[in-house]
file my_file.cif (mmCIF, C-alpha atoms)
data_coords
#
loop_
_atom_site.group_PDB
_atom_site.id
_atom_site.type_symbol
_atom_site.label_atom_id
_atom_site.label_comp_id
_atom_site.auth_asym_id
_atom_site.auth_seq_id
_atom_site.Cartn_x
_atom_site.Cartn_y
_atom_site.Cartn_z
ATOM 1 C CA MET A 13 0.000 0.000 0.000
ATOM 2 C CA SER A 14 1.403 3.457 -0.873
ATOM 3 C CA LEU A 15 2.140 5.965 1.854
ATOM 4 C CA PRO A 16 -0.432 8.710 2.379
ATOM 5 C CA SER A 17 0.162 11.837 0.312
ATOM 6 C CA PRO A 18 0.969 15.015 2.260
ATOM 7 C CA ALA A 19 -2.442 16.428 1.370
ATOM 8 C CA LEU A 20 -4.280 13.414 2.743
ATOM 9 C CA ALA A 21 -1.985 12.205 5.492
ATOM 10 C CA ALA A 22 -3.422 12.851 8.916
ATOM 11 C CA VAL A 23 -3.365 11.209 12.275
ATOM 12 C CA LEU A 24 -6.548 11.003 14.273
ATOM 13 C CA VAL A 25 -6.110 9.956 17.878
ATOM 14 C CA LEU A 26 -9.216 8.476 19.448
ATOM 15 C CA ALA A 27 -8.838 7.784 23.150
ATOM 16 C CA THR A 28 -10.758 7.309 26.324
ATOM 17 C CA ALA A 29 -9.933 9.396 29.344
ATOM 18 C CA ALA A 30 -8.942 6.349 31.362
ATOM 19 C CA GLY A 31 -5.302 5.294 31.169
ATOM 20 C CA LEU A 32 -3.938 1.783 30.977
ATOM 21 C CA GLY A 33 -2.070 0.887 34.147
ATOM 22 C CA GLY A 34 1.685 0.975 33.605
ATOM 23 C CA CYS A 35 1.312 1.985 29.957
ATOM 24 C CA ASP A 36 1.324 5.335 28.120
ATOM 25 C CA ARG A 37 -1.644 4.571 25.877
ATOM 26 C CA ALA A 38 -5.345 4.487 26.590
ATOM 27 C CA PRO A 39 -6.996 1.117 25.967
ATOM 28 C CA ASP A 40 -9.325 2.466 23.245
ATOM 29 C CA ARG A 41 -6.732 4.534 21.409
ATOM 30 C CA VAL A 42 -6.402 4.036 17.644
ATOM 31 C CA ASP A 43 -4.002 6.049 15.479
ATOM 32 C CA VAL A 44 -5.604 6.616 12.077
ATOM 33 C CA GLU A 45 -3.842 7.407 8.798
ATOM 34 C CA MET A 46 -6.111 8.738 6.066
ATOM 35 C CA ASP A 47 -4.969 7.421 2.689
ATOM 36 C CA THR A 48 -8.168 8.412 0.895
ATOM 37 C CA SER A 49 -10.570 11.343 0.636
ATOM 38 C CA ALA A 50 -13.504 9.067 -0.254
ATOM 39 C CA VAL A 51 -14.868 9.003 3.291
ATOM 40 C CA ALA A 52 -15.554 11.749 5.833
ATOM 41 C CA ARG A 53 -13.672 11.939 9.118
ATOM 42 C CA ALA A 54 -16.919 11.691 11.099
ATOM 43 C CA ASP A 55 -17.762 8.418 9.333
ATOM 44 C CA VAL A 56 -14.319 7.064 10.191
ATOM 45 C CA GLU A 57 -14.903 7.858 13.870
ATOM 46 C CA ARG A 58 -18.300 6.138 13.874
ATOM 47 C CA ALA A 59 -16.881 3.091 12.089
ATOM 48 C CA LEU A 60 -14.094 2.787 14.667
ATOM 49 C CA ASP A 61 -16.623 2.952 17.485
ATOM 50 C CA ARG A 62 -18.547 0.086 15.890
ATOM 51 C CA ILE A 63 -15.333 -1.936 15.573
ATOM 52 C CA ARG A 64 -14.511 -1.294 19.239
ATOM 53 C CA ASN A 65 -17.946 -2.467 20.301
ATOM 54 C CA ALA A 66 -17.790 -5.600 18.108
ATOM 55 C CA CYS A 67 -14.260 -6.522 19.210
ATOM 56 C CA ARG A 68 -14.340 -5.439 22.854
ATOM 57 C CA PRO A 69 -11.799 -8.019 24.067
ATOM 58 C CA LEU A 70 -9.077 -6.282 22.008
ATOM 59 C CA PHE A 71 -9.584 -3.102 24.027
ATOM 60 C CA THR A 72 -10.386 -4.705 27.388
ATOM 61 C CA ARG A 73 -9.207 -8.201 28.312
ATOM 62 C CA HIS A 74 -6.286 -8.269 25.866
ATOM 63 C CA ALA A 75 -5.361 -4.569 26.159
ATOM 64 C CA GLY A 76 -2.436 -5.282 28.467
ATOM 65 C CA GLY A 77 -0.625 -7.106 25.665
ATOM 66 C CA VAL A 78 -1.215 -4.341 23.097
ATOM 67 C CA THR A 79 1.392 -1.642 22.488
ATOM 68 C CA GLY A 80 -0.375 0.185 19.670
ATOM 69 C CA VAL A 81 -3.324 0.089 17.288
ATOM 70 C CA ARG A 82 -3.084 1.724 13.863
ATOM 71 C CA ALA A 83 -5.756 1.957 11.181
ATOM 72 C CA ILE A 84 -4.944 2.893 7.578
ATOM 73 C CA VAL A 85 -8.096 4.057 5.800
ATOM 74 C CA SER A 86 -7.860 3.347 2.078
ATOM 75 C CA SER A 87 -9.842 2.986 -1.120
ATOM 76 C CA ASP A 88 -7.118 1.070 -2.971
ATOM 77 C CA GLY A 89 -8.841 -2.140 -4.046
ATOM 78 C CA SER A 90 -7.571 -5.691 -3.667
ATOM 79 C CA ALA A 91 -9.022 -9.097 -4.423
ATOM 80 C CA GLN A 92 -10.040 -9.514 -0.795
ATOM 81 C CA THR A 93 -11.777 -6.137 -0.487
ATOM 82 C CA ARG A 94 -13.565 -6.660 -3.808
ATOM 83 C CA ARG A 95 -14.878 -9.968 -2.512
ATOM 84 C CA PHE A 96 -16.526 -8.128 0.357
ATOM 85 C CA GLY A 97 -17.769 -5.247 -1.789
ATOM 86 C CA TRP A 98 -15.769 -2.652 0.170
ATOM 87 C CA GLY A 99 -15.189 0.702 -1.527
ATOM 88 C CA VAL A 100 -13.338 2.063 1.516
ATOM 89 C CA TYR A 101 -11.765 -0.159 4.129
ATOM 90 C CA PHE A 102 -9.589 -0.129 7.246
ATOM 91 C CA ASP A 103 -6.278 -1.950 7.366
ATOM 92 C CA LEU A 104 -6.111 -2.359 11.137
ATOM 93 C CA ARG A 105 -2.723 -3.283 12.625
ATOM 94 C CA VAL A 106 -2.307 -4.230 16.265
ATOM 95 C CA ALA A 107 1.232 -4.265 17.707
ATOM 96 C CA LEU A 108 1.674 -6.760 20.545
ATOM 97 C CA ARG A 109 4.135 -7.379 23.328
ATOM 98 C CA ALA A 110 6.194 -10.538 23.255
ATOM 99 C CA ASP A 111 4.182 -13.466 24.647
ATOM 100 C CA PRO A 112 1.058 -11.584 25.806
ATOM 101 C CA GLU A 113 -0.441 -13.454 28.737
ATOM 102 C CA THR A 114 -4.071 -13.525 27.551
ATOM 103 C CA LEU A 115 -3.439 -14.871 24.030
ATOM 104 C CA PRO A 116 -2.687 -18.398 22.791
ATOM 105 C CA ARG A 117 0.999 -18.975 22.097
ATOM 106 C CA PRO A 118 2.869 -18.473 19.928
ATOM 107 C CA ALA A 119 1.295 -15.085 19.263
ATOM 108 C CA ASP A 120 2.236 -12.820 16.352
ATOM 109 C CA ARG A 121 3.997 -9.563 17.147
ATOM 110 C CA GLU A 122 1.528 -7.804 14.850
ATOM 111 C CA ALA A 123 -2.080 -8.870 14.273
ATOM 112 C CA ARG A 124 -3.908 -7.549 11.217
ATOM 113 C CA PHE A 125 -7.559 -6.995 10.395
ATOM 114 C CA LEU A 126 -9.467 -5.650 7.411
ATOM 115 C CA ALA A 127 -12.805 -3.909 7.935
ATOM 116 C CA GLY A 128 -15.336 -2.329 5.607
ATOM 117 C CA GLY A 129 -18.970 -1.738 4.780
ATOM 118 C CA GLY A 130 -20.513 -2.531 1.413
ATOM 119 C CA ALA A 131 -22.010 -5.892 0.546
ATOM 120 C CA ARG A 132 -20.551 -7.713 3.583
ATOM 121 C CA PRO A 133 -19.939 -5.198 6.365
ATOM 122 C CA GLY A 134 -17.646 -6.497 9.041
ATOM 123 C CA LEU A 135 -14.190 -7.178 10.412
ATOM 124 C CA LEU A 136 -11.899 -9.843 8.965
ATOM 125 C CA ALA A 137 -9.241 -11.225 11.318
ATOM 126 C CA LEU A 138 -6.362 -12.313 9.099
ATOM 127 C CA SER A 139 -4.620 -14.711 11.510
ATOM 128 C CA PRO A 140 -5.313 -16.902 14.528
ATOM 129 C CA THR A 141 -3.762 -14.225 16.742
ATOM 130 C CA ALA A 142 -6.067 -11.569 15.298
ATOM 131 C CA ALA A 143 -9.092 -13.826 15.790
ATOM 132 C CA ALA A 144 -8.070 -14.453 19.408
ATOM 133 C CA LEU A 145 -7.958 -10.707 20.078
ATOM 134 C CA CYS A 146 -11.717 -10.610 19.376
ATOM 135 C CA ASP A 147 -12.288 -13.932 21.194
ATOM 136 C CA GLN A 148 -13.352 -15.451 17.857
ATOM 137 C CA THR A 149 -13.195 -19.234 17.407
ATOM 138 C CA LEU A 150 -11.682 -20.369 14.139
ATOM 139 C CA ALA A 151 -13.579 -22.907 12.057
ATOM 140 C CA PRO A 152 -11.682 -26.196 11.512
ATOM 141 C CA GLY A 153 -8.910 -25.738 8.963
ATOM 142 C CA ARG A 154 -9.275 -21.944 8.831
ATOM 143 C CA ARG A 155 -6.703 -19.326 9.721
ATOM 144 C CA SER A 156 -8.993 -16.302 9.449
ATOM 145 C CA ALA A 157 -12.361 -15.324 10.932
ATOM 146 C CA PHE A 158 -15.043 -12.869 9.808
ATOM 147 C CA LEU A 159 -17.076 -10.893 12.329
ATOM 148 C CA ALA A 160 -20.179 -9.296 10.819
ATOM 149 C CA ILE A 161 -20.756 -5.650 11.803
ATOM 150 C CA PRO A 162 -23.890 -4.555 9.892
ATOM 151 C CA GLY A 163 -23.618 -0.915 10.968
ATOM 152 C CA LEU A 164 -20.388 -0.429 8.998
ATOM 153 C CA ALA A 165 -22.522 -0.355 5.853
ATOM 154 C CA GLU A 166 -23.844 3.006 7.069
ATOM 155 C CA ASP A 167 -20.380 4.498 7.571
ATOM 156 C CA LEU A 168 -18.117 3.142 4.824
ATOM 157 C CA PRO A 169 -19.119 3.261 1.136
ATOM 158 C CA LYS A 170 -19.610 0.117 -0.879
ATOM 159 C CA LEU A 171 -17.612 -0.746 -3.978
ATOM 160 C CA VAL A 172 -19.304 0.278 -7.220
ATOM 161 C CA LEU A 173 -18.089 -1.433 -10.389
ATOM 162 C CA ASN A 174 -19.234 -0.457 -13.862
ATOM 163 C CA PRO A 175 -17.734 -2.890 -16.381
ATOM 164 C CA THR A 176 -17.289 -1.594 -19.897
ATOM 165 C CA ARG A 177 -18.848 -3.208 -22.942
ATOM 166 C CA GLU A 178 -15.403 -4.449 -23.897
ATOM 167 C CA GLN A 179 -14.936 -6.130 -20.503
ATOM 168 C CA VAL A 180 -18.347 -7.786 -20.725
ATOM 169 C CA ALA A 181 -17.648 -8.982 -24.263
ATOM 170 C CA ALA A 182 -14.225 -10.336 -23.268
ATOM 171 C CA TYR A 183 -15.739 -12.268 -20.377
ATOM 172 C CA ARG A 184 -18.515 -13.777 -22.517
ATOM 173 C CA ALA A 185 -15.977 -14.890 -25.112
ATOM 174 C CA GLU A 186 -13.871 -16.476 -22.356
ATOM 175 C CA GLU A 187 -16.960 -18.209 -21.003
ATOM 176 C CA GLN A 188 -17.772 -19.696 -24.400
ATOM 177 C CA ARG A 189 -14.215 -21.023 -24.745
ATOM 178 C CA ALA A 190 -14.486 -22.561 -21.273
ATOM 179 C CA LEU A 191 -17.682 -24.329 -22.308
ATOM 180 C CA THR A 192 -15.874 -25.860 -25.287
ATOM 181 C CA GLY A 193 -13.293 -27.404 -22.929
ATOM 182 C CA ASP A 194 -10.490 -24.832 -23.195
ATOM 183 C CA TYR A 195 -8.323 -25.439 -20.145
ATOM 184 C CA GLN A 196 -6.975 -21.926 -19.543
ATOM 185 C CA SER A 197 -10.367 -20.345 -20.119
ATOM 186 C CA GLN A 198 -11.884 -22.656 -17.524
ATOM 187 C CA ARG A 199 -9.258 -21.588 -15.011
ATOM 188 C CA ASN A 200 -9.919 -17.934 -15.860
ATOM 189 C CA ILE A 201 -13.666 -18.332 -15.367
ATOM 190 C CA ALA A 202 -13.125 -20.060 -12.021
ATOM 191 C CA TRP A 203 -10.993 -17.113 -10.914
ATOM 192 C CA CYS A 204 -13.642 -14.669 -12.150
ATOM 193 C CA PHE A 205 -16.145 -16.067 -9.687
ATOM 194 C CA ILE A 206 -13.572 -15.650 -6.902
ATOM 195 C CA ASP A 207 -12.391 -12.166 -7.872
ATOM 196 C CA GLY A 208 -15.434 -10.639 -9.557
ATOM 197 C CA CYS A 209 -14.043 -9.927 -13.030
ATOM 198 C CA TYR A 210 -14.441 -6.132 -12.884
ATOM 199 C CA GLY A 211 -18.081 -6.557 -11.890
ATOM 200 C CA VAL A 212 -19.085 -8.540 -14.983
ATOM 201 C CA GLU A 213 -20.109 -11.464 -12.769
ATOM 202 C CA PRO A 214 -20.950 -11.424 -9.067
ATOM 203 C CA ILE A 215 -18.503 -13.153 -6.766
ATOM 204 C CA ASP A 216 -19.853 -16.663 -6.249
ATOM 205 C CA ASP A 217 -17.745 -19.159 -4.313
ATOM 206 C CA VAL A 218 -20.059 -22.073 -5.134
ATOM 207 C CA ARG A 219 -19.715 -21.530 -8.886
ATOM 208 C CA ALA A 220 -15.964 -20.998 -8.508
ATOM 209 C CA CYS A 221 -15.691 -24.359 -6.760
ATOM 210 C CA ALA A 222 -17.858 -25.987 -9.442
ATOM 211 C CA TRP A 223 -15.404 -24.922 -12.134
ATOM 212 C CA ARG A 224 -12.457 -26.098 -10.005
ATOM 213 C CA LEU A 225 -14.116 -29.524 -9.779
ATOM 214 C CA VAL A 226 -14.715 -29.612 -13.534
ATOM 215 C CA ILE A 227 -11.087 -28.725 -14.255
ATOM 216 C CA ALA A 228 -9.726 -31.347 -11.862
ATOM 217 C CA ALA A 229 -12.032 -34.049 -13.238
ATOM 218 C CA ALA A 230 -11.314 -33.277 -16.908
ATOM 219 C CA LYS A 231 -7.586 -34.074 -16.485
ATOM 220 C CA HIS A 232 -6.505 -31.873 -19.371
ATOM 221 C CA PRO A 233 -2.942 -32.520 -20.585
ATOM 222 C CA LYS A 234 -1.926 -29.058 -19.330
ATOM 223 C CA SER A 235 -3.421 -29.676 -15.882
ATOM 224 C CA ASP A 236 -0.979 -29.776 -12.981
ATOM 225 C CA ALA A 237 -0.907 -30.130 -9.203
ATOM 226 C CA SER A 238 -2.254 -26.624 -8.752
ATOM 227 C CA ASP A 239 -5.671 -27.762 -9.999
ATOM 228 C CA VAL A 240 -5.929 -30.303 -7.189
ATOM 229 C CA GLU A 241 -4.723 -27.665 -4.741
ATOM 230 C CA ASN A 242 -7.366 -25.239 -6.026
ATOM 231 C CA VAL A 243 -10.077 -27.786 -5.205
ATOM 232 C CA ARG A 244 -8.690 -28.137 -1.704
ATOM 233 C CA PHE A 245 -8.498 -24.383 -1.185
ATOM 234 C CA ASP A 246 -11.590 -23.111 -3.064
ATOM 235 C CA CYS A 247 -13.904 -26.033 -2.242
ATOM 236 C CA ASP A 248 -12.852 -28.038 0.768
ATOM 237 C CA ALA A 249 -11.518 -25.147 2.876
ATOM 238 C CA ALA A 250 -13.720 -22.318 1.604
ATOM 239 C CA LEU A 251 -17.230 -23.788 1.607
ATOM 240 C CA SER A 252 -19.686 -25.108 4.136
ATOM 241 C CA PRO A 253 -20.801 -28.742 3.643
ATOM 242 C CA ASP A 254 -24.078 -27.594 2.072
ATOM 243 C CA ASP A 255 -22.360 -25.200 -0.333
ATOM 244 C CA ARG A 256 -19.801 -27.871 -1.192
ATOM 245 C CA ALA A 257 -22.650 -30.230 -2.084
ATOM 246 C CA ASN A 258 -24.297 -27.552 -4.234
ATOM 247 C CA ALA A 259 -20.999 -26.927 -6.014
ATOM 248 C CA THR A 260 -20.730 -30.634 -6.840
ATOM 249 C CA VAL A 261 -24.220 -30.582 -8.368
ATOM 250 C CA GLU A 262 -23.319 -27.525 -10.462
ATOM 251 C CA ALA A 263 -20.039 -29.168 -11.508
ATOM 252 C CA GLY A 264 -21.977 -32.216 -12.676
ATOM 253 C CA ARG A 265 -24.230 -30.011 -14.806
ATOM 254 C CA LEU A 266 -21.263 -28.193 -16.349
ATOM 255 C CA PHE A 267 -19.268 -31.370 -16.955
ATOM 256 C CA LYS A 268 -22.208 -33.013 -18.706
ATOM 257 C CA LYS A 269 -22.705 -29.939 -20.881
ATOM 258 C CA ILE A 270 -19.033 -29.710 -21.870
ATOM 259 C CA TYR A 271 -17.933 -33.349 -22.093
ATOM 260 C CA LYS A 272 -21.274 -35.118 -22.716
ATOM 261 C CA THR A 273 -20.704 -37.531 -19.838
ATOM 262 C CA ASP A 274 -21.187 -37.661 -16.093
ATOM 263 C CA LEU A 275 -18.777 -36.012 -13.705
ATOM 264 C CA PRO A 276 -16.383 -38.716 -12.444
ATOM 265 C CA LYS A 277 -16.673 -39.436 -8.753
ATOM 266 C CA ALA A 278 -13.840 -38.042 -6.677
ATOM 267 C CA PRO A 279 -11.315 -40.698 -5.625
#

call {"tool": "encode", "arguments": {"input": "my_file.cif", "output": "structure tokens"}}
result
Amino acid sequence: MSLPSPALAAVLVLATAAGLGGCDRAPDRVDVEMDTSAVARADVERALDRIRNACRPLFTRHAGGVTGVRAIVSSDGSAQTRRFGWGVYFDLRVALRADPETLPRPADREARFLAGGGARPGLLALSPTAAALCDQTLAPGRRSAFLAIPGLAEDLPKLVLNPTREQVAAYRAEEQRALTGDYQSQRNIAWCFIDGCYGVEPIDDVRACAWRLVIAAAKHPKSDASDVENVRFDCDAALSPDDRANATVEAGRLFKKIYKTDLPKAP
């Protein structure tokens, strides 16, 4: 992420009057760097209050192990923020003491979160340490946790994508090639449902998994170990059992349409 420009760079210190025993920072203090002008300062303050309320353990029970909290407010998009429909988001970074007593060990020295409004307003803990700071339990096999905060949709703008005619046409052509069995096009379409393809298609993890299953089952000569890994990551680790079952049904429909035979059963 680029550093804030001089015109936009600012530090907003939000603190409670109460001090933290033996420490020079208040437990609710967050240093904010504005790297965008797409959101008002008052909205940033309200969003931070909602985050504090949703993740109280960070600022209460675990505060003794925290040496600083910094939030970079940005509108620079990424695959992850597009997936959540965030036009403006917080990159929240929590600096920790070595071996904080209230957290599972080993704990990271810095825990990171992303937070935004838009289609899925909430706070995403990017590591087990970050999840523990909000007392969030990780699902089996996961290393991140999402905490829904509906009110953030009122404070932080959603992502608005307006694909051009050329982008729509390019996607439709890619889709047609995928349906004829073109290996690379199938991989591209699977990624589109993960990333959003400039807004041409909505992000849809079930359909992404379905294409991953089709690719793995087709065993194209160009296929490699990454296709098996994509099934593990985009299907087995990413979906609930019900969504995984729905993806298998959709994969069967696609496979039949493309290859005129049933989807082989997974070994």

call {"tool": "closest_residue", "arguments": {"input": "my_file.cif", "among": "A:Ala157, A:Ala142, A:Leu164, A:Ala107", "to": "Gly130 (chain A)", "atoms": "only C-alpha atoms"}}
result
A:Leu164

call {"tool": "closest_residue", "arguments": {"input": "my_file.cif", "among": "A:Asp207, A:Asp239, A:Asp167, A:Glu178", "to": "Arg62 (chain A)", "atoms": "only C-alpha atoms"}}
result
A:Asp167

call {"tool": "residues_around", "arguments": {"input": "my_file.cif", "residues": "region 252-259 of chain A", "least_positions_apart": "3", "cutoff": "7 Å", "atoms": "all atoms listed in the file", "output": "NGL selection string"}}
result
:A and (218-219 or 221-222 or 247 or 262-263)

call {"tool": "resolve_selection", "arguments": {"input": "my_file.cif", "expression": "the PyMOL selection byres ((chain A and resi 77) around 9)", "output": "list in words"}}
result
His74, Ala75, Gly76, Val78, Thr79, Ala107, Leu108, Arg109, Ala110, Asp111, Pro112, Glu113, Thr114 and Leu115 of chain A

call {"tool": "resolve_selection", "arguments": {"input": "my_file.cif", "expression": "the PyMOL selection byres ((chain A and resi 169) around 10)", "output": "PDB file with C-alpha atoms, keeping the file's coordinate frame"}}
result
ATOM      1  CA  ALA A  50     -13.504   9.067  -0.254  1.00  0.00           C
ATOM      2  CA  VAL A  51     -14.868   9.003   3.291  1.00  0.00           C
ATOM      3  CA  ASP A  55     -17.762   8.418   9.333  1.00  0.00           C
ATOM      4  CA  SER A  87      -9.842   2.986  -1.120  1.00  0.00           C
ATOM      5  CA  GLY A  97     -17.769  -5.247  -1.789  1.00  0.00           C
ATOM      6  CA  TRP A  98     -15.769  -2.652   0.170  1.00  0.00           C
ATOM      7  CA  GLY A  99     -15.189   0.702  -1.527  1.00  0.00           C
ATOM      8  CA  VAL A 100     -13.338   2.063   1.516  1.00  0.00           C
ATOM      9  CA  TYR A 101     -11.765  -0.159   4.129  1.00  0.00           C
ATOM     10  CA  GLY A 128     -15.336  -2.329   5.607  1.00  0.00           C
ATOM     11  CA  GLY A 129     -18.970  -1.738   4.780  1.00  0.00           C
ATOM     12  CA  GLY A 130     -20.513  -2.531   1.413  1.00  0.00           C
ATOM     13  CA  ALA A 131     -22.010  -5.892   0.546  1.00  0.00           C
ATOM     14  CA  PRO A 133     -19.939  -5.198   6.365  1.00  0.00           C
ATOM     15  CA  LEU A 164     -20.388  -0.429   8.998  1.00  0.00           C
ATOM     16  CA  ALA A 165     -22.522  -0.355   5.853  1.00  0.00           C
ATOM     17  CA  GLU A 166     -23.844   3.006   7.069  1.00  0.00           C
ATOM     18  CA  ASP A 167     -20.380   4.498   7.571  1.00  0.00           C
ATOM     19  CA  LEU A 168     -18.117   3.142   4.824  1.00  0.00           C
ATOM     20  CA  LYS A 170     -19.610   0.117  -0.879  1.00  0.00           C
ATOM     21  CA  LEU A 171     -17.612  -0.746  -3.978  1.00  0.00           C
ATOM     22  CA  VAL A 172     -19.304   0.278  -7.220  1.00  0.00           C
TER      23      VAL A 172
END

call {"tool": "resolve_selection", "arguments": {"input": "my_file.cif", "expression": "the PyMOL selection byres ((chain A and resi 127) around 10)", "output": "ChimeraX atom specification"}}
result
/A:59-60,63,83,85,93,96,98,100-104,125-126,128-129,132-137,158-161,164,168

call {"tool": "atom_distance", "arguments": {"input": "my_file.cif", "atom1": "CA of Ala52 (chain A)", "atom2": "CA of Gly211 (chain A)"}}
result
25.6 Å

call {"tool": "closest_residue", "arguments": {"input": "my_file.cif", "among": "A:Arg53, A:Phe71, A:Leu251, A:Phe205", "to": "Ala38 (chain A)", "atoms": "only C-alpha atoms"}}
result
A:Phe71

call {"tool": "residues_around", "arguments": {"input": "my_file.cif", "residues": "Cys67 (chain A)", "least_positions_apart": "5", "cutoff": "8 Å", "atoms": "only C-alpha atoms", "output": "MDAnalysis selection string"}}
result
chainID A and resid 145:147

call {"tool": "closest_residue", "arguments": {"input": "my_file.cif", "among": "A:Asp194, A:Asp246, A:Asp88, A:Asp217", "to": "Pro233 (chain A)", "atoms": "all atoms listed in the file"}}
result
A:Asp194

call {"tool": "atom_distance", "arguments": {"input": "my_file.cif", "atom1": "CA of Ala190 (chain A)", "atom2": "CA of Val226 (chain A)"}}
result
10.5 Å

call {"tool": "atom_distance", "arguments": {"input": "my_file.cif", "atom1": "CA of Asp248 (chain A)", "atom2": "CA of Arg265 (chain A)"}}
result
19.4 Å

call {"tool": "closest_residue", "arguments": {"input": "my_file.cif", "among": "A:Pro116, A:Pro140, A:Gly264, A:Gly208", "to": "Gln179 (chain A)", "atoms": "all atoms listed in the file"}}
result
A:Gly208

call {"tool": "closest_residue", "arguments": {"input": "my_file.cif", "among": "A:Leu191, A:Ala66, A:Ala91, A:Ala182", "to": "Trp203 (chain A)", "atoms": "all atoms listed in the file"}}
result
A:Ala91

call {"tool": "axis_aligned_box", "arguments": {"input": "my_file.cif", "around": "region 36-47 of chain A", "padding_each_side": "6 Å", "output": "AutoDock Vina command-line options"}}
result
--center_x -4.0 --center_y 4.9 --center_z 15.4 --size_x 22.6 --size_y 19.6 --size_z 37.4

call {"tool": "residues_around", "arguments": {"input": "my_file.cif", "residues": "Asn242 (chain A)", "least_positions_apart": "2", "cutoff": "10 Å", "atoms": "all atoms listed in the file", "output": "list of chain:residue names"}}
result
A:Arg199, A:Ala202, A:Ala220, A:Cys221, A:Arg224, A:Leu225, A:Ile227, A:Ala228, A:Ala237, A:Ser238, A:Asp239, A:Val240, A:Arg244, A:Phe245, A:Asp246, A:Cys247, A:Asp248, A:Ala249

call {"tool": "build_atoms", "arguments": {"input": "my_file.cif", "residues": "region 135-153 of chain A", "atoms": "N, CA and C atoms", "output": "tab-separated table (two decimals), keeping the file's coordinate frame"}}
result
chain	number	residue	atom	x	y	z
A	135	LEU	N	-15.60	-7.19	10.06
A	135	LEU	CA	-14.19	-7.18	10.41
A	135	LEU	C	-13.61	-8.55	10.12
A	136	LEU	N	-12.54	-8.59	9.33
A	136	LEU	CA	-11.90	-9.84	8.96
A	136	LEU	C	-10.58	-9.97	9.70
A	137	ALA	N	-10.49	-10.93	10.62
A	137	ALA	CA	-9.24	-11.22	11.32
A	137	ALA	C	-8.39	-12.10	10.42
A	138	LEU	N	-7.17	-11.66	10.12
A	138	LEU	CA	-6.36	-12.31	9.10
A	138	LEU	C	-5.44	-13.41	9.63
A	139	SER	N	-5.49	-13.68	10.94
A	139	SER	CA	-4.62	-14.71	11.51
A	139	SER	C	-5.26	-15.25	12.78
A	140	PRO	N	-4.80	-16.40	13.24
A	140	PRO	CA	-5.31	-16.90	14.53
A	140	PRO	C	-5.12	-15.93	15.67
A	141	THR	N	-3.98	-15.20	15.68
A	141	THR	CA	-3.76	-14.22	16.74
A	141	THR	C	-4.79	-13.11	16.67
A	142	ALA	N	-5.06	-12.62	15.46
A	142	ALA	CA	-6.07	-11.57	15.30
A	142	ALA	C	-7.44	-12.06	15.75
A	143	ALA	N	-7.80	-13.28	15.38
A	143	ALA	CA	-9.09	-13.83	15.79
A	143	ALA	C	-9.18	-13.92	17.31
A	144	ALA	N	-8.08	-14.32	17.95
A	144	ALA	CA	-8.07	-14.45	19.41
A	144	ALA	C	-8.26	-13.10	20.10
A	145	LEU	N	-7.80	-12.03	19.48
A	145	LEU	CA	-7.96	-10.71	20.08
A	145	LEU	C	-9.42	-10.30	20.17
A	146	CYS	N	-10.27	-10.86	19.32
A	146	CYS	CA	-11.72	-10.61	19.38
A	146	CYS	C	-12.46	-11.78	20.02
A	147	ASP	N	-11.71	-12.72	20.60
A	147	ASP	CA	-12.29	-13.93	21.19
A	147	ASP	C	-13.12	-14.70	20.16
A	148	GLN	N	-12.67	-14.72	18.91
A	148	GLN	CA	-13.35	-15.45	17.86
A	148	GLN	C	-12.77	-16.86	17.74
A	149	THR	N	-13.63	-17.85	17.58
A	149	THR	CA	-13.20	-19.23	17.41
A	149	THR	C	-13.06	-19.53	15.92
A	150	LEU	N	-11.92	-20.04	15.54
A	150	LEU	CA	-11.68	-20.37	14.14
A	150	LEU	C	-12.39	-21.66	13.77
A	151	ALA	N	-12.99	-21.67	12.57
A	151	ALA	CA	-13.58	-22.91	12.06
A	151	ALA	C	-12.46	-23.90	11.75
A	152	PRO	N	-12.72	-25.20	11.80
A	152	PRO	CA	-11.68	-26.20	11.51
A	152	PRO	C	-11.00	-25.93	10.17
A	153	GLY	N	-9.68	-25.93	10.18
A	153	GLY	CA	-8.91	-25.74	8.96
A	153	GLY	C	-8.76	-24.30	8.52
